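Source file structure_27.cif; content: mmCIF, C-alpha atoms.
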```cif
data_coords
loop_
_atom_site.label_atom_id
_atom_site.label_comp_id
_atom_site.auth_asym_id
_atom_site.auth_seq_id
_atom_site.Cartn_x
_atom_site.Cartn_y
_atom_site.Cartn_z
CA MET V 1 0.00 0.00 0.00
CA THR V 2 1.26 3.45 -0.93
CA TYR V 3 0.55 6.16 1.64
CA ALA V 4 -0.34 9.65 0.43
CA LEU V 5 1.54 11.69 3.04
CA PRO V 6 2.45 15.37 3.24
CA PRO V 7 6.14 16.19 3.91
CA LEU V 8 7.20 15.03 7.37
CA ASN V 9 8.78 18.39 8.29
CA ALA V 10 5.54 20.18 7.50
CA LEU V 11 3.59 17.76 9.69
CA ARG V 12 6.09 18.21 12.53
CA ALA V 13 5.77 21.99 12.24
CA PHE V 14 1.97 21.80 12.32
CA GLU V 15 1.88 19.35 15.25
CA ALA V 16 4.30 21.40 17.37
CA ALA V 17 2.60 24.71 16.55
CA ALA V 18 -0.81 23.20 17.33
CA ARG V 19 0.35 21.87 20.72
CA HIS V 20 1.91 25.17 21.72
CA LEU V 21 -0.48 27.42 19.78
CA SER V 22 2.66 29.37 18.98
CA PHE V 23 5.06 29.39 16.02
CA LYS V 24 7.76 30.76 18.34
CA LEU V 25 7.52 27.92 20.86
CA ALA V 26 7.28 25.36 18.07
CA ALA V 27 10.40 26.83 16.50
CA HIS V 28 12.27 26.52 19.80
CA GLU V 29 11.28 22.86 20.07
CA LEU V 30 12.26 22.07 16.48
CA HIS V 31 15.46 24.20 16.46
CA VAL V 32 14.35 26.35 13.53
CA THR V 33 13.10 29.92 13.17
CA PRO V 34 9.45 30.93 13.72
CA ALA V 35 9.39 32.03 10.09
CA ALA V 36 10.42 28.53 9.00
CA VAL V 37 7.59 27.00 11.05
CA GLY V 38 5.12 29.45 9.55
CA GLN V 39 6.31 28.64 6.02
CA GLN V 40 6.03 24.89 6.62
CA VAL V 41 2.50 25.26 7.98
CA LYS V 42 1.51 27.51 5.08
CA ALA V 43 2.87 24.95 2.60
CA LEU V 44 0.94 22.20 4.38
CA GLU V 45 -2.28 24.22 4.23
CA ALA V 46 -1.74 24.81 0.51
CA ARG V 47 -1.16 21.10 -0.09
CA LEU V 48 -4.22 20.05 1.90
CA GLY V 49 -6.42 22.83 0.58
CA VAL V 50 -7.66 23.77 4.04
CA GLN V 51 -6.75 26.39 6.63
CA LEU V 52 -5.41 24.87 9.84
CA PHE V 53 -4.87 28.03 11.90
CA GLU V 54 -6.50 31.39 12.41
CA ARG V 55 -3.62 33.85 12.61
CA LEU V 56 -4.72 36.69 14.84
CA HIS V 57 -2.63 39.50 16.31
CA LYS V 58 -0.20 37.78 18.70
CA GLN V 59 -2.48 34.74 18.85
CA LEU V 60 -2.71 31.43 17.01
CA ILE V 61 -5.99 29.50 17.00
CA LEU V 62 -6.75 26.13 15.46
CA THR V 63 -9.56 26.10 12.94
CA ALA V 64 -12.14 23.32 13.00
CA ALA V 65 -10.10 21.53 10.35
CA GLY V 66 -6.94 21.93 12.44
CA GLN V 67 -8.66 20.58 15.54
CA ALA V 68 -9.87 17.54 13.60
CA TYR V 69 -6.43 16.93 12.04
CA LEU V 70 -4.28 17.26 15.18
CA PRO V 71 -5.25 14.10 17.13
CA GLY V 72 -4.46 11.78 14.22
CA ILE V 73 -1.12 13.46 13.51
CA SER V 74 -0.09 13.42 17.18
CA GLU V 75 -1.11 9.76 17.47
CA GLY V 76 0.89 8.95 14.35
CA PHE V 77 4.04 10.54 15.77
CA ARG V 78 3.47 8.68 19.05
CA HIS V 79 3.30 5.36 17.22
CA ILE V 80 6.48 6.17 15.28
CA ALA V 81 8.28 7.08 18.51
CA GLU V 82 7.11 3.89 20.24
CA ALA V 83 8.09 1.70 17.30
CA THR V 84 11.52 3.33 17.22
CA SER V 85 12.04 2.82 20.95
CA GLN V 86 11.44 -0.92 20.51
CA LEU V 87 14.28 -1.27 18.01
CA LYS V 88 16.94 -1.43 20.73
CA PRO V 89 19.04 -4.57 20.12
CA ALA V 90 18.32 -7.34 22.64
CA GLY V 91 20.51 -6.99 25.70
CA ALA V 92 21.92 -3.66 24.60
CA VAL V 93 22.21 -0.59 26.80
CA LEU V 94 20.62 2.35 25.03
CA LEU V 95 22.84 5.43 24.62
CA GLN V 96 21.28 8.60 23.25
CA LEU V 97 23.82 10.93 21.64
CA GLY V 98 22.81 14.50 20.81
CA VAL V 99 24.75 16.39 18.16
CA HIS V 100 24.52 20.05 17.14
CA GLY V 101 23.13 20.72 13.71
CA SER V 102 26.30 21.70 11.85
CA PHE V 103 28.43 18.76 13.04
CA ASP V 104 29.40 16.25 10.31
CA LEU V 105 28.45 12.81 11.66
CA ARG V 106 30.87 11.15 9.25
CA ARG V 107 33.66 12.30 11.55
CA LEU V 108 32.45 9.85 14.20
CA ASP V 109 32.47 6.64 12.10
CA LEU V 110 29.32 5.51 13.95
CA ALA V 111 28.92 2.29 11.95
CA ALA V 112 32.32 1.12 13.17
CA PHE V 113 31.45 2.10 16.75
CA ARG V 114 28.21 0.10 16.62
CA SER V 115 30.05 -2.88 15.15
CA LYS V 116 32.69 -2.80 17.88
CA HIS V 117 30.21 -2.15 20.72
CA ALA V 118 27.25 -4.42 20.00
CA GLU V 119 26.30 -4.17 23.68
CA ILE V 120 25.48 -0.46 23.23
CA GLY V 121 22.35 0.55 21.34
CA LEU V 122 23.57 3.95 20.07
CA ARG V 123 20.99 6.42 18.79
CA VAL V 124 21.70 9.90 17.46
CA LEU V 125 19.51 12.99 17.73
CA GLN V 126 20.50 15.84 15.41
CA PRO V 127 20.05 18.70 15.87
CA ALA V 128 20.25 18.71 19.65
CA GLY V 129 21.54 21.14 22.26
CA LEU V 130 21.86 21.67 25.98
CA HIS V 131 18.07 21.87 26.28
CA GLU V 132 17.77 18.21 25.24
CA LEU V 133 20.60 17.20 27.59
CA VAL V 134 19.07 19.03 30.56
CA GLU V 135 15.65 17.48 29.89
CA GLY V 136 17.14 13.99 29.64
CA LYS V 137 16.27 13.51 25.98
CA VAL V 138 19.92 12.66 25.31
CA ASP V 139 22.57 11.11 27.57
CA LEU V 140 25.53 13.00 26.19
CA LEU V 141 25.97 15.80 23.72
CA ILE V 142 28.39 17.12 21.14
CA ALA V 143 27.82 20.87 21.37
CA ARG V 144 29.41 23.95 19.87
CA GLY V 145 30.64 26.52 22.37
CA LEU V 146 33.22 27.18 25.06
CA GLY V 147 32.59 24.03 27.08
CA ARG V 148 31.88 25.69 30.43
CA HIS V 149 28.82 24.16 32.03
CA PRO V 150 28.78 23.64 35.83
CA GLY V 151 27.65 20.15 36.76
CA TYR V 152 28.76 18.68 33.43
CA ARG V 153 31.99 17.09 32.27
CA CYS V 154 33.15 18.79 29.08
CA ASP V 155 35.85 17.29 26.82
CA ARG V 156 37.00 19.19 23.77
CA VAL V 157 36.60 17.23 20.53
CA LYS V 158 39.49 18.93 18.76
CA GLU V 159 42.51 20.86 20.01
CA GLY V 160 42.28 24.63 19.99
CA SER V 161 41.08 27.62 21.91
CA GLY V 162 37.89 29.65 21.88
CA LEU V 163 34.75 28.21 20.33
CA GLY V 164 34.85 24.53 19.51
CA ASP V 165 33.02 21.20 19.65
CA TRP V 166 32.73 19.58 23.07
CA LEU V 167 31.55 16.21 24.32
CA ILE V 168 29.31 17.04 27.30
CA ALA V 169 27.81 14.65 29.84
CA PRO V 170 26.34 15.12 33.34
CA GLU V 171 29.02 14.62 35.99
CA GLY V 172 26.88 11.97 37.67
CA THR V 173 26.87 9.72 34.59
CA ALA V 174 29.99 10.89 32.75
CA ASP V 175 31.94 7.77 33.74
CA CYS V 176 29.23 5.16 33.21
CA PRO V 177 30.43 2.33 30.92
CA GLU V 178 28.57 3.28 27.75
CA ILE V 179 29.53 6.98 27.89
CA ALA V 180 33.12 6.06 28.79
CA SER V 181 33.18 3.71 25.79
CA PHE V 182 32.07 6.48 23.45
CA ARG V 183 34.65 8.87 24.90
CA THR V 184 37.35 6.21 24.44
CA TRP V 185 36.14 5.69 20.87
CA LEU V 186 36.69 9.35 20.06
CA ARG V 187 40.14 9.18 21.61
CA SER V 188 40.99 6.12 19.52
CA LEU V 189 39.96 7.95 16.33
CA ALA V 190 42.39 10.73 17.22
CA THR V 191 45.16 8.22 17.94
CA GLU V 192 44.70 6.18 14.77
CA ALA V 193 44.05 8.99 12.29
CA PRO V 194 46.81 11.08 10.72
CA ARG V 195 47.02 14.59 12.08
CA GLU V 196 45.80 16.08 8.81
CA ASN V 197 42.72 13.87 8.81
CA ARG V 198 39.55 15.65 9.94
CA ARG V 199 38.58 13.09 12.54
CA PRO V 200 37.91 14.31 16.08
CA ARG V 201 40.55 14.72 18.69
CA LEU V 202 39.53 14.95 22.31
CA VAL V 203 41.64 16.87 24.78
CA GLY V 204 41.24 18.30 28.23
CA GLY V 205 40.11 15.69 30.74
CA LEU V 206 40.23 12.55 28.60
CA GLY V 207 43.19 11.20 30.45
CA SER V 208 41.58 11.72 33.85
#
```
Will you turn the file into structure tokens for me?
Amino acid sequence: MTYALPPLNALRAFEAAARHLSFKLAAHELHVTPAAVGQQVKALEARLGVQLFERLHKQLILTAAGQAYLPGISEGFRHIAEATSQLKPAGAVLLQLGVHGSFDLRRLDLAAFRSKHAEIGLRVLQPAGLHELVEGKVDLLIARGLGRHPGYRCDRVKEGSGLGDWLIAPEGTADCPEIASFRTWLRSLATEAPRENRRPRLVGGLGS
């Protein structure tokens, strides 16, 4: 069976905006701009041929069509999330890695990590930031910044000063086996790769 589905990003924008009744709050959740959310919703309305929101001054209201559409879309996302959560390999410890949006995942050689660490069910959320780490949506995070976050262990991914990429984990879980394994994996990439290769190099606290 072929499903006639609107673009997933447009559905996500609608569902988030409908829950919050705000393009701004939906944008914060989805890590995009309010204008991008508004454009996605407008494109969805054009595709469906119905108006989903009444856009009033500083207020967003679902139309009757929007109210009817929302429960099914939310339920669909819930089923997708539940199905995904059940994919954890048997016996594996689930590790949720958050990564900022501009980071090139190819640098991490994740397929090789998963092959070497079959006991760890590694999942990646991108884009992700400190908000997801604080809320527990991810267990550790590769973030762009200065790496100064009280209560968190921060290891620089590549040598340098100023802004950079950092591996960040709560101090209470920073040394748990699965996070330690991922930190060691990054260190091994730096050790095995030539200096000119663009693979990550962790410094500052990795030896401690």
Using only C-alpha atoms, find each residue in stretch 53-97 of chain V having at least one atom no more than 10 Å away from stretch 136-146 of chain V; report its shortest atom-to-atom pair and that distance in Å (one decimal), rows by chain then rising number, as a Markdown table.
```
| residue | atom | partner | partner_atom | distance |
| --- | --- | --- | --- | --- |
| V:Leu94 | CA | V:Asp139 | CA | 9.3 |
| V:Leu95 | CA | V:Asp139 | CA | 6.4 |
| V:Gln96 | CA | V:Val138 | CA | 4.8 |
| V:Leu97 | CA | V:Leu140 | CA | 5.3 |
```
Quiz item: Which value, in Å to one decimal, gives the distance between atom CA of V:Gln86 and atom CA of V:Ala111?
Solution: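 A separation of 19.7 Å between them.
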Exercise. Decode the PyMOL selection byres ((chain V and resi 108) around 9) for the given file into explicit residues and return them as a PyMOL selection string.
Key: chain V and resi 104-107+109-113+185-186+189+199-200
If you keep C-alpha atoms, can you produce a file of those selected residues as a short mmCIF file (atom, residue, chain, number, x, y, z; two decimals), in the coordinates of the input?
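The resulting part_18.cif:
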```
data_model
loop_
_atom_site.label_atom_id
_atom_site.label_comp_id
_atom_site.auth_asym_id
_atom_site.auth_seq_id
_atom_site.Cartn_x
_atom_site.Cartn_y
_atom_site.Cartn_z
CA ASP V 104 29.40 16.25 10.31
CA LEU V 105 28.45 12.81 11.66
CA ARG V 106 30.87 11.15 9.25
CA ARG V 107 33.66 12.30 11.55
CA ASP V 109 32.47 6.64 12.10
CA LEU V 110 29.32 5.51 13.95
CA ALA V 111 28.92 2.29 11.95
CA ALA V 112 32.32 1.12 13.17
CA PHE V 113 31.45 2.10 16.75
CA TRP V 185 36.14 5.69 20.87
CA LEU V 186 36.69 9.35 20.06
CA LEU V 189 39.96 7.95 16.33
CA ARG V 199 38.58 13.09 12.54
CA PRO V 200 37.91 14.31 16.08
#
```
Exercise. Check what the PyMOL selection byres ((chain V and resi 41) around 8) selects in the file above and give those residues as a list of chain:residue names.
Key: V:Ala10, V:Leu11, V:Ala13, V:Phe14, V:Val37, V:Gly38, V:Gln39, V:Gln40, V:Lys42, V:Ala43, V:Leu44, V:Glu45
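Atom CA of V:Pro7 lies 19.9 Å from atom CA of V:His28.
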Quiz prompt | Closest of V:His57, V:Lys24, V:His100, V:Arg123 to V:Ile168 - atom-to-atom distances counting all atoms listed in the file | solution =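 Smallest distance to V:Ile168 is found for V:His100.
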Self-check item: Result set of the PyMOL selection byres ((chain V and resi 16-19) around 9) on the coordinates above, as a list in words
Solution: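 Applied to this file, the PyMOL selection byres ((chain V and resi 16-19) around 9) returns Leu11, Arg12, Ala13, Phe14, Glu15, His20, Leu21, Ser22, Phe23, Lys24, Leu25, Ala26, Ala27, Glu29, Leu30, Val37, Gly38, Val41, Leu52, Phe53, Leu60, Ile61, Leu62, Gly66, Gln67 and Leu70 of chain V.
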Practice problem: Using all atoms listed in the file, collect all residues at a distance of at most 12 Å from (32.0, 7.5, 27.5) as written in the file, then present them as a PyMOL selection string. | Solution: chain V and resi 95-97+117+120+122+139-141+153-155+167-171+173-187+202+205-206
Quiz prompt | Interatomic distance, atom CA of V:Gln59 to atom CA of V:Val32 (Å, one decimal) | solution = 19.5 Å
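When only C-alpha atoms are used to measure the gap to V:Leu130, the shortest distance among V:Ser74, V:His31, V:Thr63, V:Ser102 belongs to V:His31.
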Around all of stretch 170-180 of chain V's listed atoms, make the axis-aligned box with 3 Å on each side and tell me centre and edge lengths in Å to one decimal, as JSON.
```
{"center_x": 29.7, "center_y": 8.7, "center_z": 32.7, "size_x": 12.8, "size_y": 18.8, "size_z": 15.9}
```
Quiz prompt | Polymer residues at most 7 Å from V:Gln126, all atoms listed in the file, same-chain spacing of 6 or more positions, as a list in words | solution =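 Result of the neighbour search: Gly98, Val99, His100 and Gly101 of chain V.
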Some atoms are absent from stretch 37-73 of chain V, so rebuild N, CA and C atoms and return them as a PDB file, in the coordinates of the input.
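Generated output (out_35.pdb):
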```pdb
ATOM      1  N   VAL V  37       8.789  27.733  10.635  1.00  0.00           N
ATOM      2  CA  VAL V  37       7.590  27.000  11.050  1.00  0.00           C
ATOM      3  C   VAL V  37       6.378  27.527  10.299  1.00  0.00           C
ATOM      4  N   GLY V  38       6.252  28.848  10.252  1.00  0.00           N
ATOM      5  CA  GLY V  38       5.120  29.450   9.550  1.00  0.00           C
ATOM      6  C   GLY V  38       5.082  29.061   8.082  1.00  0.00           C
ATOM      7  N   GLN V  39       6.251  29.013   7.435  1.00  0.00           N
ATOM      8  CA  GLN V  39       6.310  28.640   6.020  1.00  0.00           C
ATOM      9  C   GLN V  39       5.921  27.182   5.813  1.00  0.00           C
ATOM     10  N   GLN V  40       6.375  26.308   6.736  1.00  0.00           N
ATOM     11  CA  GLN V  40       6.030  24.890   6.620  1.00  0.00           C
ATOM     12  C   GLN V  40       4.524  24.688   6.783  1.00  0.00           C
ATOM     13  N   VAL V  41       3.938  25.384   7.753  1.00  0.00           N
ATOM     14  CA  VAL V  41       2.500  25.260   7.980  1.00  0.00           C
ATOM     15  C   VAL V  41       1.725  25.807   6.779  1.00  0.00           C
ATOM     16  N   LYS V  42       2.176  26.925   6.247  1.00  0.00           N
ATOM     17  CA  LYS V  42       1.510  27.510   5.080  1.00  0.00           C
ATOM     18  C   LYS V  42       1.571  26.565   3.890  1.00  0.00           C
ATOM     19  N   ALA V  43       2.728  25.911   3.700  1.00  0.00           N
ATOM     20  CA  ALA V  43       2.870  24.950   2.600  1.00  0.00           C
ATOM     21  C   ALA V  43       1.963  23.745   2.812  1.00  0.00           C
ATOM     22  N   LEU V  44       1.822  23.319   4.071  1.00  0.00           N
ATOM     23  CA  LEU V  44       0.940  22.200   4.380  1.00  0.00           C
ATOM     24  C   LEU V  44      -0.511  22.559   4.089  1.00  0.00           C
ATOM     25  N   GLU V  45      -0.908  23.762   4.493  1.00  0.00           N
ATOM     26  CA  GLU V  45      -2.280  24.220   4.230  1.00  0.00           C
ATOM     27  C   GLU V  45      -2.555  24.268   2.730  1.00  0.00           C
ATOM     28  N   ALA V  46      -1.561  24.734   1.963  1.00  0.00           N
ATOM     29  CA  ALA V  46      -1.740  24.810   0.510  1.00  0.00           C
ATOM     30  C   ALA V  46      -1.879  23.412  -0.087  1.00  0.00           C
ATOM     31  N   ARG V  47      -1.099  22.473   0.429  1.00  0.00           N
ATOM     32  CA  ARG V  47      -1.160  21.100  -0.090  1.00  0.00           C
ATOM     33  C   ARG V  47      -2.492  20.434   0.246  1.00  0.00           C
ATOM     34  N   LEU V  48      -2.979  20.668   1.465  1.00  0.00           N
ATOM     35  CA  LEU V  48      -4.220  20.050   1.900  1.00  0.00           C
ATOM     36  C   LEU V  48      -5.462  20.765   1.370  1.00  0.00           C
ATOM     37  N   GLY V  49      -5.288  22.049   1.056  1.00  0.00           N
ATOM     38  CA  GLY V  49      -6.420  22.830   0.580  1.00  0.00           C
ATOM     39  C   GLY V  49      -7.353  23.279   1.673  1.00  0.00           C
ATOM     40  N   VAL V  50      -6.849  23.309   2.910  1.00  0.00           N
ATOM     41  CA  VAL V  50      -7.660  23.770   4.040  1.00  0.00           C
ATOM     42  C   VAL V  50      -6.806  24.672   4.924  1.00  0.00           C
ATOM     43  N   GLN V  51      -7.449  25.531   5.668  1.00  0.00           N
ATOM     44  CA  GLN V  51      -6.750  26.390   6.630  1.00  0.00           C
ATOM     45  C   GLN V  51      -6.753  25.704   7.983  1.00  0.00           C
ATOM     46  N   LEU V  52      -5.564  25.576   8.570  1.00  0.00           N
ATOM     47  CA  LEU V  52      -5.410  24.870   9.840  1.00  0.00           C
ATOM     48  C   LEU V  52      -5.383  25.803  11.032  1.00  0.00           C
ATOM     49  N   PHE V  53      -4.971  27.055  10.812  1.00  0.00           N
ATOM     50  CA  PHE V  53      -4.870  28.030  11.900  1.00  0.00           C
ATOM     51  C   PHE V  53      -5.547  29.331  11.513  1.00  0.00           C
ATOM     52  N   GLU V  54      -6.118  29.991  12.505  1.00  0.00           N
ATOM     53  CA  GLU V  54      -6.500  31.390  12.410  1.00  0.00           C
ATOM     54  C   GLU V  54      -5.347  32.195  12.981  1.00  0.00           C
ATOM     55  N   ARG V  55      -4.764  33.067  12.179  1.00  0.00           N
ATOM     56  CA  ARG V  55      -3.620  33.850  12.610  1.00  0.00           C
ATOM     57  C   ARG V  55      -4.096  35.239  13.018  1.00  0.00           C
ATOM     58  N   LEU V  56      -4.276  35.415  14.311  1.00  0.00           N
ATOM     59  CA  LEU V  56      -4.720  36.690  14.840  1.00  0.00           C
ATOM     60  C   LEU V  56      -3.521  37.458  15.373  1.00  0.00           C
ATOM     61  N   HIS V  57      -3.729  38.688  15.775  1.00  0.00           N
ATOM     62  CA  HIS V  57      -2.630  39.500  16.310  1.00  0.00           C
ATOM     63  C   HIS V  57      -2.105  38.867  17.591  1.00  0.00           C
ATOM     64  N   LYS V  58      -0.869  38.402  17.550  1.00  0.00           N
ATOM     65  CA  LYS V  58      -0.200  37.780  18.700  1.00  0.00           C
ATOM     66  C   LYS V  58      -0.957  36.584  19.245  1.00  0.00           C
ATOM     67  N   GLN V  59      -1.724  35.909  18.391  1.00  0.00           N
ATOM     68  CA  GLN V  59      -2.480  34.740  18.850  1.00  0.00           C
ATOM     69  C   GLN V  59      -2.672  33.778  17.683  1.00  0.00           C
ATOM     70  N   LEU V  60      -2.531  32.483  17.992  1.00  0.00           N
ATOM     71  CA  LEU V  60      -2.710  31.430  17.010  1.00  0.00           C
ATOM     72  C   LEU V  60      -3.835  30.524  17.488  1.00  0.00           C
ATOM     73  N   ILE V  61      -4.828  30.296  16.624  1.00  0.00           N
ATOM     74  CA  ILE V  61      -5.990  29.500  17.000  1.00  0.00           C
ATOM     75  C   ILE V  61      -6.207  28.422  15.945  1.00  0.00           C
ATOM     76  N   LEU V  62      -6.447  27.205  16.387  1.00  0.00           N
ATOM     77  CA  LEU V  62      -6.750  26.130  15.460  1.00  0.00           C
ATOM     78  C   LEU V  62      -8.151  26.321  14.866  1.00  0.00           C
ATOM     79  N   THR V  63      -8.254  26.119  13.568  1.00  0.00           N
ATOM     80  CA  THR V  63      -9.560  26.100  12.940  1.00  0.00           C
ATOM     81  C   THR V  63     -10.226  24.749  13.234  1.00  0.00           C
ATOM     82  N   ALA V  64     -11.459  24.606  12.816  1.00  0.00           N
ATOM     83  CA  ALA V  64     -12.140  23.320  13.000  1.00  0.00           C
ATOM     84  C   ALA V  64     -11.387  22.205  12.277  1.00  0.00           C
ATOM     85  N   ALA V  65     -10.869  22.522  11.095  1.00  0.00           N
ATOM     86  CA  ALA V  65     -10.100  21.530  10.350  1.00  0.00           C
ATOM     87  C   ALA V  65      -8.809  21.168  11.099  1.00  0.00           C
ATOM     88  N   GLY V  66      -8.154  22.178  11.668  1.00  0.00           N
ATOM     89  CA  GLY V  66      -6.940  21.930  12.440  1.00  0.00           C
ATOM     90  C   GLY V  66      -7.199  21.081  13.665  1.00  0.00           C
ATOM     91  N   GLN V  67      -8.293  21.359  14.358  1.00  0.00           N
ATOM     92  CA  GLN V  67      -8.660  20.580  15.540  1.00  0.00           C
ATOM     93  C   GLN V  67      -8.943  19.127  15.180  1.00  0.00           C
ATOM     94  N   ALA V  68      -9.553  18.905  14.038  1.00  0.00           N
ATOM     95  CA  ALA V  68      -9.870  17.540  13.600  1.00  0.00           C
ATOM     96  C   ALA V  68      -8.600  16.806  13.156  1.00  0.00           C
ATOM     97  N   TYR V  69      -7.644  17.538  12.605  1.00  0.00           N
ATOM     98  CA  TYR V  69      -6.430  16.930  12.040  1.00  0.00           C
ATOM     99  C   TYR V  69      -5.410  16.579  13.125  1.00  0.00           C
ATOM    100  N   LEU V  70      -5.336  17.399  14.176  1.00  0.00           N
ATOM    101  CA  LEU V  70      -4.280  17.260  15.180  1.00  0.00           C
ATOM    102  C   LEU V  70      -4.244  15.911  15.875  1.00  0.00           C
ATOM    103  N   PRO V  71      -5.343  15.363  16.382  1.00  0.00           N
ATOM    104  CA  PRO V  71      -5.250  14.100  17.130  1.00  0.00           C
ATOM    105  C   PRO V  71      -4.633  12.963  16.317  1.00  0.00           C
ATOM    106  N   GLY V  72      -5.002  12.844  15.060  1.00  0.00           N
ATOM    107  CA  GLY V  72      -4.460  11.780  14.220  1.00  0.00           C
ATOM    108  C   GLY V  72      -2.972  11.950  13.973  1.00  0.00           C
ATOM    109  N   ILE V  73      -2.536  13.205  13.747  1.00  0.00           N
ATOM    110  CA  ILE V  73      -1.120  13.460  13.510  1.00  0.00           C
ATOM    111  C   ILE V  73      -0.311  13.189  14.773  1.00  0.00           C
TER     112      ILE V  73
END
```
